[in-house]
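Step one of this worksheet: look at the structure below.
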Protein chains: 2
Amino acid sequence: MGVTIKDIAKEVGLSVSAVSLVLNNRPCRISAEKKEQIFAIAKRRHYIPNQAARSLVTKESRMLALILPDIENTFFSSLAKRIEDCCRREGYMLLIANSNDSYEQDKNLLRSITARGVDGLFMIVSNESYQYKAKLIQQLKHLPIPYVMVDRIYEQLSCDKVLYDNEKGAYLAVRHLQEHGHTRIGCVVNTASNNGMLRLKGYKHALEERGIEYNPCYVTEGDYRFESGYEAASRLLETDITAAFVSNDMMAIGFLKKLYELGRQVPKDFSLVGYDNSLSPFVLGVQLTSVAQDPQLLGEEACRLLTNRLKDKDTPPSTICLPPQLVIRSSVEPPLHSPDCI
Amino acid sequence: MGVTIKDIAKEVGLSVSAVSLVLNNRPCRISAEKKEQIFAIAKRRHYIPNQAARSLVTKESRMLALILPDIENTFFSSLAKRIEDCCRREGYMLLIANSNDSYEQDKNLLRSITARGVDGLFMIVSNESYQYKAKLIQQLKHLPIPYVMVDRIYEQLSCDKVLYDNEKGAYLAVRHLQEHGHTRIGCVVNTASNNGMLRLKGYKHALEERGIEYNPCYVTEGDYRFESGYEAASRLLETDITAAFVSNDMMAIGFLKKLYELGRQVPKDFSLVGYDNSLSPFVLGVQLTSVAQDPQLLGEEACRLLTNRLKDKDTPPSTICLPPQLVIRSSVEPPLHSPDCI
DNA sequence: CCACCTTGGTAAAACGTTTTATCAACTACC
DNA sequence: GGTAGTTGATAAAACGTTTTACCAAGGTGG
């Protein structure tokens with residue numbers, strides 16, 4: 001099919017080895033004249049080295065892989081973009097694979113990816129895989145290549161990790177509401193996800209710190225989608241809460257829609273904090289205060305970790321826990337009829 | 001490093017060929033007993049076939065690639081997701097690469113992708129590449145593998161193509177406004193992109209059909225981002241337009257923000273149609289009428305075309321032009337003080 | 001003129017797989 | 001007892017590279 005090194009060798013009248021050495025800019029004793037000829041022929045005939053043959057002997061593919069749960073989620077797609085940029089800068093290509101948040105896919109992808117001989121892996125485990133933790137851990141332990149767990153981790157695994165402190169993020173959000181005088185604070189959370197659990201923990205932590213008792217009626221489940229935020233609001237707004245912490249922005253917008261329909265004003269009449277800081281420009285009239293986790297930073301750190309590991313296998317694995325930032329806009333004010341602040 | 005077919009052969013006491021045949025379920029004369037043993041050993045020792053070695057001899061990688069301009073754009077990420085699903089179903093892995101809408105990247109990616117010996121390619125050319133059309137066309141012509149152009153095409157190239165009829169979409173949007181009695185209709189459009197040009201053409205076409213003269217003051221440039229919609233609105237709302245066609249939803253939201261700030265009500269006081277149908281749930285109070293192009297459908301058709309081509313190289317290339325749908329919500333009403341309709 | 005260096009290269013093994021042609025040992029049949 | 005067919009395999013080439021060790025010819029210094 002394509003032009004090979006052999007064809008070039010034949011045309012220039014040298015051996016394959018000569019051509020290979022020249023084309024790879026290896027130190028070698030080939031005359032400048034011949035070198036030029038080789039490059040010229042390669043260019044003219046559109047020579048493209050066969051990566052399969054190359055990997056076979058060098059044992060590296062200059063390709064990294066990223067397994068992520070949902071490419072449609074902008075948090076992950078921003079992450080993917082940045083990781084790809086960083087990889088490119090280091091001379092790697094990136095293979096992106098989508099697991100649809102399914103354990104089965106995680107498992108299969110892990111297989112096909114190692115078969116393809118990628119040099120390293122960025123792994124964002126699917127939420128479903130937390131139920132099959134033991135199994136996936138086994139598989140990851142047998143992985144013959146370095147990998148870094150990103151955003152969602154297994155503490156048990158001894159490998160490079162980079163993540164955001166989800167508990168802290170939720171804690172910051174709730175404390176911000178408390179500092180404006182709120183005590184009856186709702187919470188929409190996805191306990192099906194590990195990070196969701198951590199956000200719930202942060203919520204509880206903030207309550208504890210103020211000596212407020214945990215009220216299960218103020219907490220409801222959401223699945224991170226717009227509709228579930230709307231439905232969560234329907235349930236929570238029957239209680240006497242004056243504010244809510246909604247554990248992602250998409251659901252926060254759903255929540256806002258319900259508030260709007262009920263004629264309740266944000267922040268005059270109700271305060272709200274979201275998570276992700278992803279949708280602020282879209283919401284007319286409301287500037288949503290939200291906990292920001294920068295996917296780009298996550299991506300950069302992940303890439304740094306993995307490429308370092310590829311250069312030096314023997315340093316002990318490290319864990320990077322990034323601090324989320326509370327981005328204060330104007331969706332929080334003191335509750336109606338209440339003392340102003342702390 | 002890993003376990004090879006040779007190791008298994010040694011352990012089971014047979015030749016490499018025997019093991020290869022068995023593991024690939026090829027018809028062969030190996031005793032059932034030995035077969036079982038081979039599978040058992042492969043499993044126990046976590047054998048994973050080396051794809052590089054395999055491709056080297058079979059000349060196929062069971063891998064397809066997708067080059068897209070912006071993975072953060074949900075239109076493209078939905079498309080990517082669906083393409084990946086379809087590929088998986090057909091037994092291919094998908095290599096996703098991001099060009100950042102840059103010609104340079106298109107060029108480089110095309111190179112590295114063919115080097116990696118992928119079996120086929122989904123190509124969404126970057127907008128910038130329209131300026132280097134001739135060059136990129138040359139490169140695509142030399143591509144040794146089948147490819148399908150998706151969403152953005154070069155008419156000159158004889159290959160499989162799948163796209164949406166952008167001119168038609170814009171035409172539908174503008175005609176919808178006209179049918180509600182609007183005659184002074186603004187237009188925000190990105191002429192830096194080929195599809196943007198087509199949308200402008202659709203806008204003009206609708207005007208022509210009604211015998212309305214084209215007024216350049218009603219048309220302004222946008223770059224598909226939120227802010228540019230806002231800025232476009234600042235310019236256009238100084239004219240006497242009563243409605244606008246904004247050529248994507250993101251900009252439409254920016255436009256809405258300006259309207260909101262000026263105290264103008266949609267649709268009572270101003271009518272608006274967007275493009276993409278991607279953001280409707282996010283806009284409080286306004287249900288944006290928008291032209292829908294389903295990325296999933298685009299992905300499915302693209303995949304169908306490419307996999308068919310891989311099975312049968314010799315059928316003539318086909319072009320699939322999908323019809324956009326106008327999704328009518330409630331951002332369009334007749335202008336104030338005007339006769340009701342058509 | 002011998003020893004040594006430099007210049008300009010090459011031969012050959014290796015990487016892990018697939019695939020085709022071939023083979024030896026049996027069995028069965030007439 | 002000769003022919004044909006079956007069973008259970010194998011040997012060897014091929015894929016396109018990289019890499020190491022080696023070689024031949026010519027020049028140079030003592």
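As shown in the structure tokens, the chain order sets the letters A, B, ...; within each chain, residues go from 1, and ligands are also counted from 1 in the order they appear.
Residue-level contacts from chain B to chain C at 8 Å, counting only C-alpha atoms (C1' of nucleotides), read Thr4, Ile5, Ser20, Asn50, Ala53, Arg54, Leu56, Val57 and Thr58 of chain B.
Selecting chain D residues within 12 Å of chain B and counting only C-alpha atoms (C1' of nucleotides) yields DT6, DT7, DG8, DA9, DT10, DA11, DA12, DA13, DA14, DC15, DG16 and DT17 of chain D.
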For C-alpha atoms (C1' of nucleotides), I'd like the residues from the last selection saved as a PDB file, in the first residue's frame.
```
ATOM      1  C1'  DT D   6      -8.514 -37.816   8.452  1.00  0.00           C
ATOM      2  C1'  DT D   7      -6.339 -36.090  12.586  1.00  0.00           C
ATOM      3  C1'  DG D   8      -3.225 -33.214  14.877  1.00  0.00           C
ATOM      4  C1'  DA D   9      -0.283 -30.505  14.194  1.00  0.00           C
ATOM      5  C1'  DT D  10       4.218 -27.528  12.421  1.00  0.00           C
ATOM      6  C1'  DA D  11       7.669 -24.697   9.723  1.00  0.00           C
ATOM      7  C1'  DA D  12       8.585 -20.691   7.663  1.00  0.00           C
ATOM      8  C1'  DA D  13       7.758 -16.494   5.434  1.00  0.00           C
ATOM      9  C1'  DA D  14       6.049 -12.098   5.876  1.00  0.00           C
ATOM     10  C1'  DC D  15       4.818  -7.431   7.799  1.00  0.00           C
ATOM     11  C1'  DG D  16       8.176  -2.551   8.330  1.00  0.00           C
ATOM     12  C1'  DT D  17      10.948  -0.912  11.416  1.00  0.00           C
TER      13       DT D  17
END
```
- Task: Taking the chain letters and numbering used in this document, name the residues of range 135-322 of chain B that DSSP puts in alpha helix (DSSP H), as an NGL selection string.
- Result: :B and (135-142 or 166-179 or 194-209 or 226-236 or 249-261 or 295-311)
With all Cα atoms paired residue by residue, do a least-squares superposition of chain A on chain B and hand back the transformed coordinates as a tab-separated table (two decimals) with C-alpha atoms, in the first residue's frame.
```
chain	number	residue	atom	x	y	z
A	1	MET	CA	7.16	-7.08	29.27
A	2	GLY	CA	3.83	-8.72	28.55
A	3	VAL	CA	2.93	-12.34	27.96
A	4	THR	CA	3.25	-13.34	24.31
A	5	ILE	CA	1.87	-16.11	22.20
A	6	LYS	CA	5.29	-17.69	22.39
A	7	ASP	CA	5.12	-17.99	26.17
A	8	ILE	CA	1.77	-19.70	25.89
A	9	ALA	CA	3.07	-22.02	23.18
A	10	LYS	CA	5.94	-23.02	25.38
A	11	GLU	CA	3.73	-23.68	28.36
A	12	VAL	CA	1.16	-25.74	26.49
A	13	GLY	CA	3.82	-27.53	24.48
A	14	LEU	CA	2.58	-26.57	21.05
A	15	SER	CA	3.75	-24.25	18.29
A	16	VAL	CA	3.04	-20.54	18.06
A	17	SER	CA	0.89	-21.14	15.03
A	18	ALA	CA	-1.31	-23.52	16.95
A	19	VAL	CA	-1.85	-21.00	19.69
A	20	SER	CA	-2.55	-18.20	17.27
A	21	LEU	CA	-5.10	-20.24	15.38
A	22	VAL	CA	-6.89	-21.32	18.52
A	23	LEU	CA	-6.95	-17.90	20.11
A	24	ASN	CA	-8.44	-16.41	16.96
A	25	ASN	CA	-11.04	-19.14	16.67
A	26	ARG	CA	-9.75	-20.06	13.26
A	27	PRO	CA	-10.77	-23.39	11.79
A	28	CYS	CA	-7.87	-25.68	12.63
A	29	ARG	CA	-7.05	-29.22	13.61
A	30	ILE	CA	-6.18	-28.83	17.27
A	31	SER	CA	-7.72	-31.17	19.83
A	32	ALA	CA	-10.46	-29.80	22.01
A	33	GLU	CA	-8.41	-30.61	25.06
A	34	LYS	CA	-5.45	-28.53	23.92
A	35	LYS	CA	-7.76	-25.72	22.90
A	36	GLU	CA	-9.15	-25.52	26.37
A	37	GLN	CA	-5.69	-25.52	27.87
A	38	ILE	CA	-4.64	-22.67	25.62
A	39	PHE	CA	-7.60	-20.55	26.60
A	40	ALA	CA	-7.02	-21.33	30.24
A	41	ILE	CA	-3.37	-20.33	30.12
A	42	ALA	CA	-4.16	-17.17	28.18
A	43	LYS	CA	-6.66	-16.18	30.80
A	44	ARG	CA	-4.56	-17.09	33.79
A	45	ARG	CA	-1.53	-15.22	32.52
A	46	HIS	CA	-3.55	-12.22	31.34
A	47	TYR	CA	-2.50	-12.57	27.75
A	48	ILE	CA	-3.29	-9.51	25.64
A	49	PRO	CA	-2.44	-9.73	21.95
A	50	ASN	CA	-0.02	-7.15	20.70
A	51	GLN	CA	-1.98	-5.00	18.32
A	52	ALA	CA	1.11	-3.56	16.67
A	53	ALA	CA	2.36	-6.98	15.64
A	54	ARG	CA	-1.08	-7.89	14.51
A	55	SER	CA	-1.61	-4.79	12.38
A	56	LEU	CA	1.79	-5.26	10.87
A	57	VAL	CA	0.71	-8.45	9.23
A	58	THR	CA	-3.02	-7.95	8.76
A	59	LYS	CA	-2.66	-4.38	7.59
A	60	GLU	CA	-5.59	-3.27	9.64
A	61	SER	CA	-5.79	-1.77	13.08
A	62	ARG	CA	-9.51	-1.96	13.85
A	63	MET	CA	-9.19	1.69	14.79
A	64	LEU	CA	-10.93	4.67	13.25
A	65	ALA	CA	-10.13	8.31	13.85
A	66	LEU	CA	-12.17	11.46	14.24
A	67	ILE	CA	-10.69	14.88	13.69
A	68	LEU	CA	-12.92	17.63	15.02
A	69	PRO	CA	-12.54	21.36	15.52
A	70	ASP	CA	-13.67	21.75	19.12
A	71	ILE	CA	-14.46	19.03	21.57
A	72	GLU	CA	-15.86	21.55	24.07
A	73	ASN	CA	-18.63	22.44	21.69
A	74	THR	CA	-21.53	20.21	22.71
A	75	PHE	CA	-22.62	19.76	19.13
A	76	PHE	CA	-19.32	18.10	18.35
A	77	SER	CA	-19.04	16.20	21.59
A	78	SER	CA	-22.50	14.67	21.11
A	79	LEU	CA	-21.46	13.80	17.61
A	80	ALA	CA	-18.24	12.26	18.88
A	81	LYS	CA	-20.07	10.23	21.46
A	82	ARG	CA	-22.48	8.77	18.97
A	83	ILE	CA	-19.75	8.05	16.47
A	84	GLU	CA	-17.82	6.24	19.14
A	85	ASP	CA	-20.84	4.18	20.10
A	86	CYS	CA	-21.45	3.19	16.52
A	87	CYS	CA	-17.80	2.35	15.97
A	88	ARG	CA	-17.70	0.18	19.03
A	89	ARG	CA	-20.72	-1.69	17.81
A	90	GLU	CA	-18.82	-2.43	14.61
A	91	GLY	CA	-15.75	-3.55	16.53
A	92	TYR	CA	-13.63	-0.45	16.03
A	93	MET	CA	-11.97	1.83	18.52
A	94	LEU	CA	-12.14	5.54	17.92
A	95	LEU	CA	-9.21	7.93	18.14
A	96	ILE	CA	-10.54	11.44	18.77
A	97	ALA	CA	-8.32	14.38	17.97
A	98	ASN	CA	-9.01	18.04	18.44
A	99	SER	CA	-7.80	20.56	15.86
A	100	ASN	CA	-8.73	23.72	17.75
A	101	ASP	CA	-10.10	24.96	14.47
A	102	SER	CA	-6.59	25.33	13.15
A	103	TYR	CA	-5.31	24.39	9.72
A	104	GLU	CA	-1.88	23.58	11.09
A	105	GLN	CA	-3.43	21.00	13.41
A	106	ASP	CA	-5.57	19.51	10.67
A	107	LYS	CA	-2.44	19.01	8.65
A	108	ASN	CA	-0.39	17.48	11.46
A	109	LEU	CA	-3.20	15.30	12.70
A	110	LEU	CA	-3.78	13.92	9.23
A	111	ARG	CA	-0.14	12.93	9.17
A	112	SER	CA	0.08	11.29	12.55
A	113	ILE	CA	-3.19	9.55	12.05
A	114	THR	CA	-2.17	7.88	8.84
A	115	ALA	CA	1.13	6.98	10.45
A	116	ARG	CA	-0.80	5.18	13.15
A	117	GLY	CA	-2.41	3.07	10.50
A	118	VAL	CA	-6.01	3.73	11.36
A	119	ASP	CA	-8.43	2.06	9.00
A	120	GLY	CA	-10.62	5.04	8.29
A	121	LEU	CA	-11.29	8.65	9.21
A	122	PHE	CA	-14.14	10.96	10.12
A	123	MET	CA	-13.03	14.43	9.11
A	124	ILE	CA	-14.60	17.65	10.31
A	125	VAL	CA	-12.32	20.24	8.81
A	126	SER	CA	-11.46	23.31	10.82
A	127	ASN	CA	-12.90	26.61	9.72
A	128	GLU	CA	-9.42	27.96	9.24
A	129	SER	CA	-8.80	25.23	6.70
A	130	TYR	CA	-11.25	26.85	4.31
A	131	GLN	CA	-8.54	29.41	3.67
A	132	TYR	CA	-6.11	26.63	2.80
A	133	LYS	CA	-8.66	24.61	0.93
A	134	ALA	CA	-6.40	23.74	-1.99
A	135	LYS	CA	-3.64	22.47	0.25
A	136	LEU	CA	-5.87	20.39	2.46
A	137	ILE	CA	-7.61	18.94	-0.54
A	138	GLN	CA	-4.26	17.78	-1.84
A	139	GLN	CA	-3.49	16.13	1.47
A	140	LEU	CA	-6.86	14.43	1.64
A	141	LYS	CA	-6.48	13.17	-1.90
A	142	HIS	CA	-3.23	11.48	-0.93
A	143	LEU	CA	-4.79	9.87	2.12
A	144	PRO	CA	-4.29	6.12	1.77
A	145	ILE	CA	-7.43	5.31	3.75
A	146	PRO	CA	-11.15	5.91	3.28
A	147	TYR	CA	-12.63	8.95	4.97
A	148	VAL	CA	-15.93	10.72	5.26
A	149	MET	CA	-16.31	14.48	5.56
A	150	VAL	CA	-18.76	15.37	8.30
A	151	ASP	CA	-20.75	18.59	8.80
A	152	ARG	CA	-18.28	20.73	6.87
A	153	ILE	CA	-17.43	19.63	3.39
A	154	TYR	CA	-15.41	20.50	0.33
A	155	GLU	CA	-17.59	20.11	-2.74
A	156	GLN	CA	-14.53	19.57	-4.90
A	157	LEU	CA	-13.56	16.37	-3.15
A	158	SER	CA	-15.00	13.15	-4.39
A	159	CYS	CA	-15.60	11.27	-1.14
A	160	ASP	CA	-18.40	10.27	1.20
A	161	LYS	CA	-20.00	13.26	2.86
A	162	VAL	CA	-22.69	13.87	5.41
A	163	LEU	CA	-23.93	17.28	6.43
A	164	TYR	CA	-26.89	19.41	7.35
A	165	ASP	CA	-28.43	21.84	4.91
A	166	ASN	CA	-27.41	25.07	6.60
A	167	GLU	CA	-28.91	27.35	4.01
A	168	LYS	CA	-32.26	25.65	4.40
A	169	GLY	CA	-32.07	25.92	8.18
A	170	ALA	CA	-31.55	29.66	8.11
A	171	TYR	CA	-34.21	30.02	5.48
A	172	LEU	CA	-36.72	28.19	7.69
A	173	ALA	CA	-35.89	30.41	10.64
A	174	VAL	CA	-36.30	33.65	8.74
A	175	ARG	CA	-39.41	32.52	6.94
A	176	HIS	CA	-40.92	31.67	10.32
A	177	LEU	CA	-40.32	35.24	11.45
A	178	GLN	CA	-41.76	36.60	8.22
A	179	GLU	CA	-44.85	34.47	8.60
A	180	HIS	CA	-45.47	36.25	11.88
A	181	GLY	CA	-45.37	39.57	10.08
A	182	HIS	CA	-41.79	40.67	10.63
A	183	THR	CA	-40.10	42.49	7.79
A	184	ARG	CA	-37.19	44.24	9.49
A	185	ILE	CA	-35.22	41.20	10.63
A	186	GLY	CA	-31.72	41.32	12.07
A	187	CYS	CA	-29.15	38.65	11.48
A	188	VAL	CA	-26.11	37.62	13.51
A	189	VAL	CA	-23.85	35.43	11.49
A	190	ASN	CA	-20.30	34.09	11.43
A	191	THR	CA	-19.02	34.58	7.92
A	192	ALA	CA	-15.64	33.24	8.92
A	193	SER	CA	-17.17	29.78	8.75
A	194	ASN	CA	-18.43	28.13	5.63
A	195	ASN	CA	-21.66	27.08	7.29
A	196	GLY	CA	-22.07	30.65	8.52
A	197	MET	CA	-21.90	31.84	4.95
A	198	LEU	CA	-24.56	29.35	4.01
A	199	ARG	CA	-26.79	30.55	6.83
A	200	LEU	CA	-26.40	34.10	5.57
A	201	LYS	CA	-27.35	32.86	2.13
A	202	GLY	CA	-30.49	31.28	3.59
A	203	TYR	CA	-31.34	34.58	5.28
A	204	LYS	CA	-30.95	36.43	1.99
A	205	HIS	CA	-32.94	33.83	0.15
A	206	ALA	CA	-35.90	34.30	2.49
A	207	LEU	CA	-35.76	38.05	2.01
A	208	GLU	CA	-35.62	37.77	-1.75
A	209	GLU	CA	-38.57	35.48	-1.83
A	210	ARG	CA	-40.66	38.20	-0.22
A	211	GLY	CA	-39.15	40.91	-2.34
A	212	ILE	CA	-37.54	42.59	0.64
A	213	GLU	CA	-34.35	44.44	-0.04
A	214	TYR	CA	-31.23	43.31	1.77
A	215	ASN	CA	-30.14	45.88	4.34
A	216	PRO	CA	-26.50	45.48	5.48
A	217	CYS	CA	-27.24	47.44	8.65
A	218	TYR	CA	-29.42	44.61	9.84
A	219	VAL	CA	-26.62	42.07	9.54
A	220	THR	CA	-23.69	41.78	11.87
A	221	GLU	CA	-20.84	39.46	12.61
A	222	GLY	CA	-20.58	37.05	15.55
A	223	ASP	CA	-18.11	34.32	16.43
A	224	TYR	CA	-20.56	31.85	17.98
A	225	ARG	CA	-19.65	32.79	21.55
A	226	PHE	CA	-21.91	34.22	24.24
A	227	GLU	CA	-20.17	37.57	24.40
A	228	SER	CA	-20.30	38.15	20.70
A	229	GLY	CA	-24.07	37.63	20.77
A	230	TYR	CA	-24.32	40.29	23.44
A	231	GLU	CA	-22.21	42.68	21.41
A	232	ALA	CA	-24.07	41.95	18.21
A	233	ALA	CA	-27.28	42.83	20.02
A	234	SER	CA	-25.77	46.14	21.15
A	235	ARG	CA	-25.20	47.04	17.52
A	236	LEU	CA	-28.39	45.69	15.97
A	237	LEU	CA	-30.77	47.02	18.61
A	238	GLU	CA	-29.91	50.56	17.60
A	239	THR	CA	-31.72	49.92	14.33
A	240	ASP	CA	-35.46	49.53	13.91
A	241	ILE	CA	-35.54	45.74	13.67
A	242	THR	CA	-38.41	43.91	15.34
A	243	ALA	CA	-36.87	40.44	15.27
A	244	ALA	CA	-33.60	38.66	14.72
A	245	PHE	CA	-32.20	35.43	13.44
A	246	VAL	CA	-29.12	34.56	15.50
A	247	SER	CA	-27.10	31.83	13.92
A	248	ASN	CA	-26.41	29.85	17.06
A	249	ASP	CA	-28.03	29.47	20.47
A	250	MET	CA	-25.06	30.54	22.49
A	251	MET	CA	-25.07	33.94	20.79
A	252	ALA	CA	-28.85	34.02	21.06
A	253	ILE	CA	-28.49	33.87	24.84
A	254	GLY	CA	-26.04	36.75	24.71
A	255	PHE	CA	-28.55	38.58	22.57
A	256	LEU	CA	-31.26	37.84	25.13
A	257	LYS	CA	-29.14	39.24	27.89
A	258	LYS	CA	-28.89	42.56	26.08
A	259	LEU	CA	-32.64	42.56	25.42
A	260	TYR	CA	-33.24	41.88	29.09
A	261	GLU	CA	-30.99	44.74	30.10
A	262	LEU	CA	-32.82	47.07	27.73
A	263	GLY	CA	-36.08	45.99	29.29
A	264	ARG	CA	-37.41	44.49	26.09
A	265	GLN	CA	-39.68	41.47	26.44
A	266	VAL	CA	-39.38	38.37	24.32
A	267	PRO	CA	-41.59	37.60	22.44
A	268	LYS	CA	-44.03	40.49	23.19
A	269	ASP	CA	-41.59	43.19	22.28
A	270	PHE	CA	-39.03	41.36	20.17
A	271	SER	CA	-38.87	38.01	18.40
A	272	LEU	CA	-35.86	35.76	18.20
A	273	VAL	CA	-34.89	32.53	16.52
A	274	GLY	CA	-31.69	30.66	17.32
A	275	TYR	CA	-29.77	27.81	15.76
A	276	ASP	CA	-28.67	24.46	17.22
A	277	ASN	CA	-31.52	23.86	19.62
A	278	SER	CA	-28.95	23.23	22.30
A	279	LEU	CA	-29.67	25.52	25.19
A	280	SER	CA	-33.40	25.79	25.51
A	281	PRO	CA	-33.77	24.50	29.04
A	282	PHE	CA	-31.33	27.01	30.45
A	283	VAL	CA	-33.08	30.18	29.60
A	284	LEU	CA	-35.45	31.24	32.28
A	285	GLY	CA	-38.66	32.75	31.12
A	286	VAL	CA	-37.85	32.47	27.44
A	287	GLN	CA	-38.48	29.35	25.41
A	288	LEU	CA	-36.24	29.87	22.44
A	289	THR	CA	-37.43	28.80	19.02
A	290	SER	CA	-34.43	27.31	17.29
A	291	VAL	CA	-33.28	25.38	14.25
A	292	ALA	CA	-32.36	21.86	15.30
A	293	GLN	CA	-29.62	19.77	13.79
A	294	ASP	CA	-29.34	16.43	15.50
A	295	PRO	CA	-25.68	15.61	16.01
A	296	GLN	CA	-26.52	12.01	16.81
A	297	LEU	CA	-28.13	11.47	13.46
A	298	LEU	CA	-25.15	13.06	11.77
A	299	GLY	CA	-22.88	10.69	13.65
A	300	GLU	CA	-24.89	7.63	12.78
A	301	GLU	CA	-24.99	8.43	9.11
A	302	ALA	CA	-21.29	9.18	9.07
A	303	CYS	CA	-20.53	5.88	10.70
A	304	ARG	CA	-22.78	4.00	8.36
A	305	LEU	CA	-21.07	5.56	5.39
A	306	LEU	CA	-17.57	4.84	6.61
A	307	THR	CA	-18.13	1.26	7.71
A	308	ASN	CA	-19.86	0.48	4.44
A	309	ARG	CA	-16.96	1.94	2.58
A	310	LEU	CA	-14.55	-0.20	4.58
A	311	LYS	CA	-16.47	-3.29	3.57
A	312	ASP	CA	-16.78	-2.31	-0.05
A	313	LYS	CA	-14.25	0.09	-1.48
A	314	ASP	CA	-15.76	0.32	-4.90
A	315	THR	CA	-19.20	1.79	-4.60
A	316	PRO	CA	-19.29	5.39	-5.78
A	317	PRO	CA	-19.09	7.97	-2.97
A	318	SER	CA	-22.35	9.37	-1.72
A	319	THR	CA	-23.40	12.63	-0.09
A	320	ILE	CA	-26.07	12.72	2.57
A	321	CYS	CA	-27.65	16.11	3.17
A	322	LEU	CA	-29.87	16.07	6.24
A	323	PRO	CA	-32.79	18.47	6.67
A	324	PRO	CA	-32.70	20.71	9.75
A	325	GLN	CA	-35.91	21.06	11.77
A	326	LEU	CA	-37.41	24.27	13.08
A	327	VAL	CA	-38.34	23.67	16.71
A	328	ILE	CA	-41.07	26.12	17.51
A	329	ARG	CA	-41.33	27.30	21.11
A	330	SER	CA	-42.41	30.73	22.19
A	331	SER	CA	-39.85	33.34	21.29
A	332	VAL	CA	-41.69	34.53	18.19
A	333	GLU	CA	-44.86	36.62	17.99
A	334	PRO	CA	-46.09	39.28	15.58
A	335	PRO	CA	-44.41	42.67	15.98
A	336	LEU	CA	-46.15	45.32	18.11
A	337	HIS	CA	-48.57	47.62	16.28
A	338	SER	CA	-48.75	45.60	13.12
A	339	PRO	CA	-51.21	43.51	11.18
A	340	ASP	CA	-51.31	40.04	12.55
A	341	CYS	CA	-49.95	37.74	9.95
A	342	ILE	CA	-49.37	36.84	6.38
```
- Message: Using DSSP secondary structure from the backbone, list all strand (DSSP E) positions within range 31-164 of chain B, as a list in words.
- Response: Met63, Leu64, Ala65, Leu66, Ile67, Leu68, Met93, Leu94, Leu95, Ile96, Ala97, Asn98, Gly120, Leu121, Phe122, Met123, Tyr147, Val148, Met149, Val150, Asp160, Lys161, Val162, Leu163 and Tyr164 of chain B
